[in-house]
file query05.pdb (PDB, C-alpha atoms, pLDDT in the B column)
ATOM      1  CA  GLN W   1     134.255  98.388  83.206  1.00 46.00           C
ATOM      2  CA  GLU W   2     136.388  97.315  86.136  1.00 52.00           C
ATOM      3  CA  VAL W   3     134.884  97.194  89.639  1.00 47.00           C
ATOM      4  CA  SER W   4     137.048  98.498  92.433  1.00 49.00           C
ATOM      5  CA  GLU W   5     137.797  96.455  95.520  1.00 56.00           C
ATOM      6  CA  ARG W   6     136.085  99.160  97.569  1.00 55.00           C
ATOM      7  CA  GLU W   7     132.857  98.703  95.592  1.00 49.00           C
ATOM      8  CA  VAL W   8     133.041  94.938  96.081  1.00 42.00           C
ATOM      9  CA  ARG W   9     133.483  95.401  99.848  1.00 53.00           C
ATOM     10  CA  GLY W  10     130.501  97.776  99.884  1.00 46.00           C
ATOM     11  CA  VAL W  11     128.264  95.269  98.111  1.00 45.00           C
ATOM     12  CA  GLN W  12     129.434  92.498 100.452  1.00 51.00           C
ATOM     13  CA  ALA W  13     128.737  94.689 103.489  1.00 47.00           C
ATOM     14  CA  ASN W  14     125.190  95.338 102.217  1.00 47.00           C
ATOM     15  CA  LEU W  15     124.618  91.615 101.675  1.00 42.00           C
ATOM     16  CA  ASP W  16     125.981  90.833 105.139  1.00 45.00           C
ATOM     17  CA  GLN W  17     123.660  93.477 106.634  1.00 50.00           C
ATOM     18  CA  GLU W  18     120.622  92.038 104.815  1.00 49.00           C
ATOM     19  CA  GLN W  19     121.492  88.526 106.009  1.00 50.00           C
ATOM     20  CA  GLY W  20     121.959  89.809 109.559  1.00 53.00           C
ATOM     21  CA  ASP W  21     118.610  91.617 109.418  1.00 67.00           C
ATOM     22  CA  LYS W  22     116.859  88.416 108.328  1.00 70.00           C
ATOM     23  CA  GLN W  23     118.550  86.389 111.064  1.00 71.00           C
ATOM     24  CA  ALA W  24     117.692  89.082 113.585  1.00 75.00           C
ATOM     25  CA  GLN W  25     113.989  89.025 112.696  1.00 82.00           C
ATOM     26  CA  GLU W  26     113.863  85.232 113.033  1.00 86.00           C
ATOM     27  CA  LEU W  27     114.875  85.542 116.695  1.00 91.00           C
ATOM     28  CA  TYR W  28     111.661  87.422 117.579  1.00 91.00           C
ATOM     29  CA  ASP W  29     109.513  84.342 118.108  1.00 92.00           C
ATOM     30  CA  HIS W  30     107.144  82.957 120.747  1.00 92.00           C
ATOM     31  CA  GLN W  31     110.051  82.259 123.107  1.00 94.00           C
ATOM     32  CA  TRP W  32     111.158  85.907 122.866  1.00 95.00           C
ATOM     33  CA  ALA W  33     107.595  87.118 123.513  1.00 94.00           C
ATOM     34  CA  LYS W  34     107.407  85.023 126.702  1.00 96.00           C
ATOM     35  CA  THR W  35     110.876  86.063 127.833  1.00 96.00           C
ATOM     36  CA  SER W  36     110.250  89.731 127.131  1.00 96.00           C
ATOM     37  CA  LYS W  37     106.959  89.605 129.038  1.00 96.00           C
ATOM     38  CA  ARG W  38     108.756  88.082 132.043  1.00 97.00           C
ATOM     39  CA  TYR W  39     111.528  90.689 131.823  1.00 97.00           C
ATOM     40  CA  LEU W  40     108.999  93.541 131.741  1.00 97.00           C
ATOM     41  CA  SER W  41     107.202  92.115 134.778  1.00 97.00           C
ATOM     42  CA  GLU W  42     110.538  92.251 136.627  1.00 98.00           C
ATOM     43  CA  HIS W  43     111.530  95.669 135.176  1.00 98.00           C
ATOM     44  CA  PRO W  44     108.213  97.490 134.731  1.00 98.00           C
ATOM     45  CA  LEU W  45     109.458 101.075 134.318  1.00 97.00           C
ATOM     46  CA  CYS W  46     110.954 102.695 131.228  1.00 97.00           C
ATOM     47  CA  VAL W  47     114.625 103.475 131.914  1.00 97.00           C
ATOM     48  CA  GLU W  48     114.768 106.366 129.444  1.00 95.00           C
ATOM     49  CA  CYS W  49     111.692 107.970 130.988  1.00 95.00           C
ATOM     50  CA  ASP W  50     113.326 107.614 134.399  1.00 96.00           C
ATOM     51  CA  ARG W  51     116.442 109.414 133.112  1.00 95.00           C
ATOM     52  CA  GLU W  52     114.134 112.258 132.052  1.00 95.00           C
ATOM     53  CA  GLY W  53     112.485 112.384 135.490  1.00 97.00           C
ATOM     54  CA  ARG W  54     109.234 110.732 134.377  1.00 95.00           C
ATOM     55  CA  THR W  55     107.637 107.532 135.606  1.00 97.00           C
ATOM     56  CA  GLU W  56     106.120 105.520 132.795  1.00 96.00           C
ATOM     57  CA  ALA W  57     105.408 101.826 132.369  1.00 97.00           C
ATOM     58  CA  ALA W  58     107.703 100.072 129.902  1.00 97.00           C
ATOM     59  CA  THR W  59     106.008  98.424 126.944  1.00 96.00           C
ATOM     60  CA  CYS W  60     108.925  96.705 125.205  1.00 95.00           C
ATOM     61  CA  THR W  61     112.290  95.099 125.854  1.00 96.00           C
ATOM     62  CA  ASP W  62     115.072  96.797 123.906  1.00 95.00           C
ATOM     63  CA  HIS W  63     118.554  95.522 123.094  1.00 95.00           C
ATOM     64  CA  ILE W  64     121.042  98.161 124.274  1.00 95.00           C
ATOM     65  CA  VAL W  65     123.716  97.002 121.826  1.00 95.00           C
ATOM     66  CA  PRO W  66     122.066  95.978 118.527  1.00 92.00           C
ATOM     67  CA  HIS W  67     122.454  92.213 118.200  1.00 90.00           C
ATOM     68  CA  ARG W  68     122.291  92.149 114.373  1.00 86.00           C
ATOM     69  CA  GLY W  69     121.277  88.489 114.459  1.00 89.00           C
ATOM     70  CA  ASN W  70     123.937  87.415 116.970  1.00 91.00           C
ATOM     71  CA  GLU W  71     121.970  84.916 119.030  1.00 93.00           C
ATOM     72  CA  ASP W  72     124.248  85.096 122.074  1.00 95.00           C
ATOM     73  CA  LEU W  73     123.929  88.888 122.230  1.00 95.00           C
ATOM     74  CA  PHE W  74     120.188  88.646 121.556  1.00 94.00           C
ATOM     75  CA  TRP W  75     119.618  86.450 124.620  1.00 97.00           C
ATOM     76  CA  GLU W  76     122.101  88.267 126.903  1.00 97.00           C
ATOM     77  CA  GLU W  77     119.818  89.779 129.538  1.00 97.00           C
ATOM     78  CA  THR W  78     122.428  92.344 130.605  1.00 97.00           C
ATOM     79  CA  ASN W  79     121.989  93.802 127.097  1.00 97.00           C
ATOM     80  CA  TRP W  80     118.267  94.468 127.609  1.00 97.00           C
ATOM     81  CA  GLN W  81     116.469  97.550 128.851  1.00 97.00           C
ATOM     82  CA  PRO W  82     112.785  98.279 129.400  1.00 97.00           C
ATOM     83  CA  LEU W  83     111.459 101.118 127.221  1.00 96.00           C
ATOM     84  CA  VAL W  84     108.225 102.656 125.989  1.00 94.00           C
ATOM     85  CA  ASP W  85     107.445 101.809 122.338  1.00 89.00           C
ATOM     86  CA  ASP W  86     107.499 105.519 121.390  1.00 76.00           C
ATOM     87  CA  ILE W  87     111.186 105.745 122.338  1.00 65.00           C
ATOM     88  CA  MET W  88     112.038 102.857 120.016  1.00 61.00           C
ATOM     89  CA  THR W  89     110.855 104.698 116.901  1.00 52.00           C
TER      90      THR W  89
END

call {"tool": "encode", "arguments": {"input": "query05.pdb", "output": "structure tokens"}}
result
Amino acid sequence: QEVSEREVRGVQANLDQEQGDKQAQELYDHQWAKTSKRYLSEHPLCVECDREGRTEAATCTDHIVPHRGNEDLFWEETNWQPLVDDIMT
């Protein structure tokens, strides 16, 4: 049975996504924990809560644009926002 080019591209996209996910997870190390803690000390309030008119302490640093393992985007502070863990899920 012949495999279409579209199916091949789909499989390749899935493999690329899995590789990106693995690379992305490897970036969340001790250095990230320290950096995120510093960022939250400088930006203590959840930005999404603020948009909703609530004041709540942020508990995590979120990447606005998903980095998908791109190290430059991962460490780009202008791509971070302070959020509450509940908003992340």

call {"tool": "atom_distance", "arguments": {"input": "query05.pdb", "atom1": "CA of Pro66 in chain W", "atom2": "CA of Arg54 in chain W"}}
result
25.2 Å

call {"tool": "closest_residue", "arguments": {"input": "query05.pdb", "among": "W:Asp50, W:Asp85, W:Glu56, W:Glu77", "to": "Arg38 in chain W", "atoms": "all atoms listed in the file"}}
result
W:Glu77

call {"tool": "atom_distance", "arguments": {"input": "query05.pdb", "atom1": "CA of Val84 in chain W", "atom2": "CA of Ala57 in chain W"}}
result
7.0 Å

call {"tool": "resolve_selection", "arguments": {"input": "query05.pdb", "expression": "the PyMOL selection byres ((chain W and resi 70-75) around 10)", "output": "list in words"}}
result
Gly20, Gln23, Ala24, Leu27, Tyr28, Trp32, Thr35, Asp62, His63, Ile64, Val65, Pro66, His67, Arg68, Gly69, Glu76, Glu77, Thr78, Asn79 and Trp80 of chain W

call {"tool": "write_last_selection", "arguments": {"input": "query05.pdb", "atoms": "C-alpha atoms", "output": "short mmCIF file (atom, residue, chain, number, x, y, z; two decimals), keeping the file's coordinate frame"}}
result
data_model
loop_
_atom_site.label_atom_id
_atom_site.label_comp_id
_atom_site.auth_asym_id
_atom_site.auth_seq_id
_atom_site.Cartn_x
_atom_site.Cartn_y
_atom_site.Cartn_z
CA GLY W 20 121.96 89.81 109.56
CA GLN W 23 118.55 86.39 111.06
CA ALA W 24 117.69 89.08 113.58
CA LEU W 27 114.88 85.54 116.70
CA TYR W 28 111.66 87.42 117.58
CA TRP W 32 111.16 85.91 122.87
CA THR W 35 110.88 86.06 127.83
CA ASP W 62 115.07 96.80 123.91
CA HIS W 63 118.55 95.52 123.09
CA ILE W 64 121.04 98.16 124.27
CA VAL W 65 123.72 97.00 121.83
CA PRO W 66 122.07 95.98 118.53
CA HIS W 67 122.45 92.21 118.20
CA ARG W 68 122.29 92.15 114.37
CA GLY W 69 121.28 88.49 114.46
CA GLU W 76 122.10 88.27 126.90
CA GLU W 77 119.82 89.78 129.54
CA THR W 78 122.43 92.34 130.60
CA ASN W 79 121.99 93.80 127.10
CA TRP W 80 118.27 94.47 127.61
#

call {"tool": "atom_distance", "arguments": {"input": "query05.pdb", "atom1": "CA of Pro82 in chain W", "atom2": "CA of Cys46 in chain W"}}
result
5.1 Å

call {"tool": "residues_around", "arguments": {"input": "query05.pdb", "residues": "Thr61 in chain W", "least_positions_apart": "3", "cutoff": "8 Å", "atoms": "all atoms listed in the file", "output": "PyMOL selection string"}}
result
chain W and resi 36+39-40+58+80-83

call {"tool": "build_atoms", "arguments": {"input": "query05.pdb", "residues": "range 32-58 of chain W", "atoms": "N, CA, C and O atoms", "output": "compact mmCIF listing (two decimals), keeping the file's coordinate frame"}}
result
# COMPACT_ATOMS: atom_id res chain seq x y z
N TRP W 32 110.78 84.52 122.54
CA TRP W 32 111.16 85.91 122.87
C TRP W 32 109.97 86.64 123.50
O TRP W 32 110.14 87.37 124.47
N ALA W 33 108.78 86.44 122.97
CA ALA W 33 107.60 87.12 123.51
C ALA W 33 107.40 86.74 124.99
O ALA W 33 107.15 87.62 125.82
N LYS W 34 107.54 85.47 125.31
CA LYS W 34 107.41 85.02 126.70
C LYS W 34 108.51 85.61 127.57
O LYS W 34 108.27 86.08 128.68
N THR W 35 109.73 85.57 127.07
CA THR W 35 110.88 86.06 127.83
C THR W 35 110.78 87.57 128.05
O THR W 35 111.04 88.07 129.15
N SER W 36 110.39 88.28 127.03
CA SER W 36 110.25 89.73 127.13
C SER W 36 109.15 90.10 128.13
O SER W 36 109.31 91.03 128.93
N LYS W 37 108.06 89.35 128.10
CA LYS W 37 106.96 89.60 129.04
C LYS W 37 107.44 89.41 130.48
O LYS W 37 107.14 90.21 131.36
N ARG W 38 108.21 88.33 130.71
CA ARG W 38 108.76 88.08 132.04
C ARG W 38 109.69 89.21 132.45
O ARG W 38 109.62 89.73 133.56
N TYR W 39 110.57 89.62 131.53
CA TYR W 39 111.53 90.69 131.82
C TYR W 39 110.79 91.98 132.20
O TYR W 39 111.16 92.65 133.16
N LEU W 40 109.75 92.31 131.45
CA LEU W 40 109.00 93.54 131.74
C LEU W 40 108.26 93.44 133.07
O LEU W 40 108.08 94.46 133.75
N SER W 41 107.86 92.25 133.46
CA SER W 41 107.20 92.12 134.78
C SER W 41 108.21 92.35 135.90
O SER W 41 107.85 92.84 136.97
N GLU W 42 109.48 92.04 135.64
CA GLU W 42 110.54 92.25 136.63
C GLU W 42 111.14 93.66 136.56
O GLU W 42 111.74 94.13 137.52
N HIS W 43 110.99 94.32 135.41
CA HIS W 43 111.53 95.67 135.18
C HIS W 43 110.42 96.50 134.53
O HIS W 43 110.46 96.77 133.33
N PRO W 44 109.42 96.90 135.31
CA PRO W 44 108.21 97.49 134.73
C PRO W 44 108.33 98.95 134.27
O PRO W 44 107.45 99.42 133.56
N LEU W 45 109.39 99.65 134.65
CA LEU W 45 109.46 101.08 134.32
C LEU W 45 110.46 101.35 133.21
O LEU W 45 111.55 100.76 133.16
N CYS W 46 110.11 102.27 132.35
CA CYS W 46 110.95 102.70 131.23
C CYS W 46 112.21 103.40 131.76
O CYS W 46 112.11 104.38 132.51
N VAL W 47 113.38 102.89 131.40
CA VAL W 47 114.62 103.48 131.91
C VAL W 47 114.91 104.85 131.31
O VAL W 47 115.45 105.72 131.99
N GLU W 48 114.54 105.05 130.08
CA GLU W 48 114.77 106.37 129.44
C GLU W 48 113.85 107.42 130.05
O GLU W 48 114.27 108.55 130.29
N CYS W 49 112.62 107.05 130.32
CA CYS W 49 111.69 107.97 130.99
C CYS W 49 112.23 108.35 132.36
O CYS W 49 112.19 109.53 132.75
N ASP W 50 112.76 107.36 133.08
CA ASP W 50 113.33 107.61 134.40
C ASP W 50 114.48 108.61 134.31
O ASP W 50 114.58 109.51 135.15
N ARG W 51 115.32 108.47 133.30
CA ARG W 51 116.44 109.41 133.11
C ARG W 51 115.94 110.84 132.90
O ARG W 51 116.61 111.80 133.24
N GLU W 52 114.74 110.95 132.32
CA GLU W 52 114.13 112.26 132.05
C GLU W 52 113.27 112.74 133.21
O GLU W 52 112.59 113.76 133.09
N GLY W 53 113.25 111.98 134.32
CA GLY W 53 112.48 112.38 135.49
C GLY W 53 111.01 112.03 135.42
O GLY W 53 110.22 112.55 136.20
N ARG W 54 110.63 111.16 134.50
CA ARG W 54 109.23 110.73 134.38
C ARG W 54 109.10 109.28 134.79
O ARG W 54 110.03 108.50 134.67
N THR W 55 107.93 108.92 135.28
CA THR W 55 107.64 107.53 135.61
C THR W 55 106.60 107.04 134.62
O THR W 55 105.49 107.54 134.57
N GLU W 56 107.02 106.06 133.81
CA GLU W 56 106.12 105.52 132.79
C GLU W 56 106.36 104.02 132.67
O GLU W 56 107.52 103.56 132.72
N ALA W 57 105.29 103.28 132.50
CA ALA W 57 105.41 101.83 132.37
C ALA W 57 106.08 101.47 131.05
O ALA W 57 105.74 102.01 129.99
N ALA W 58 107.03 100.56 131.10
CA ALA W 58 107.70 100.07 129.90
C ALA W 58 106.74 99.18 129.12
O ALA W 58 105.92 98.47 129.70
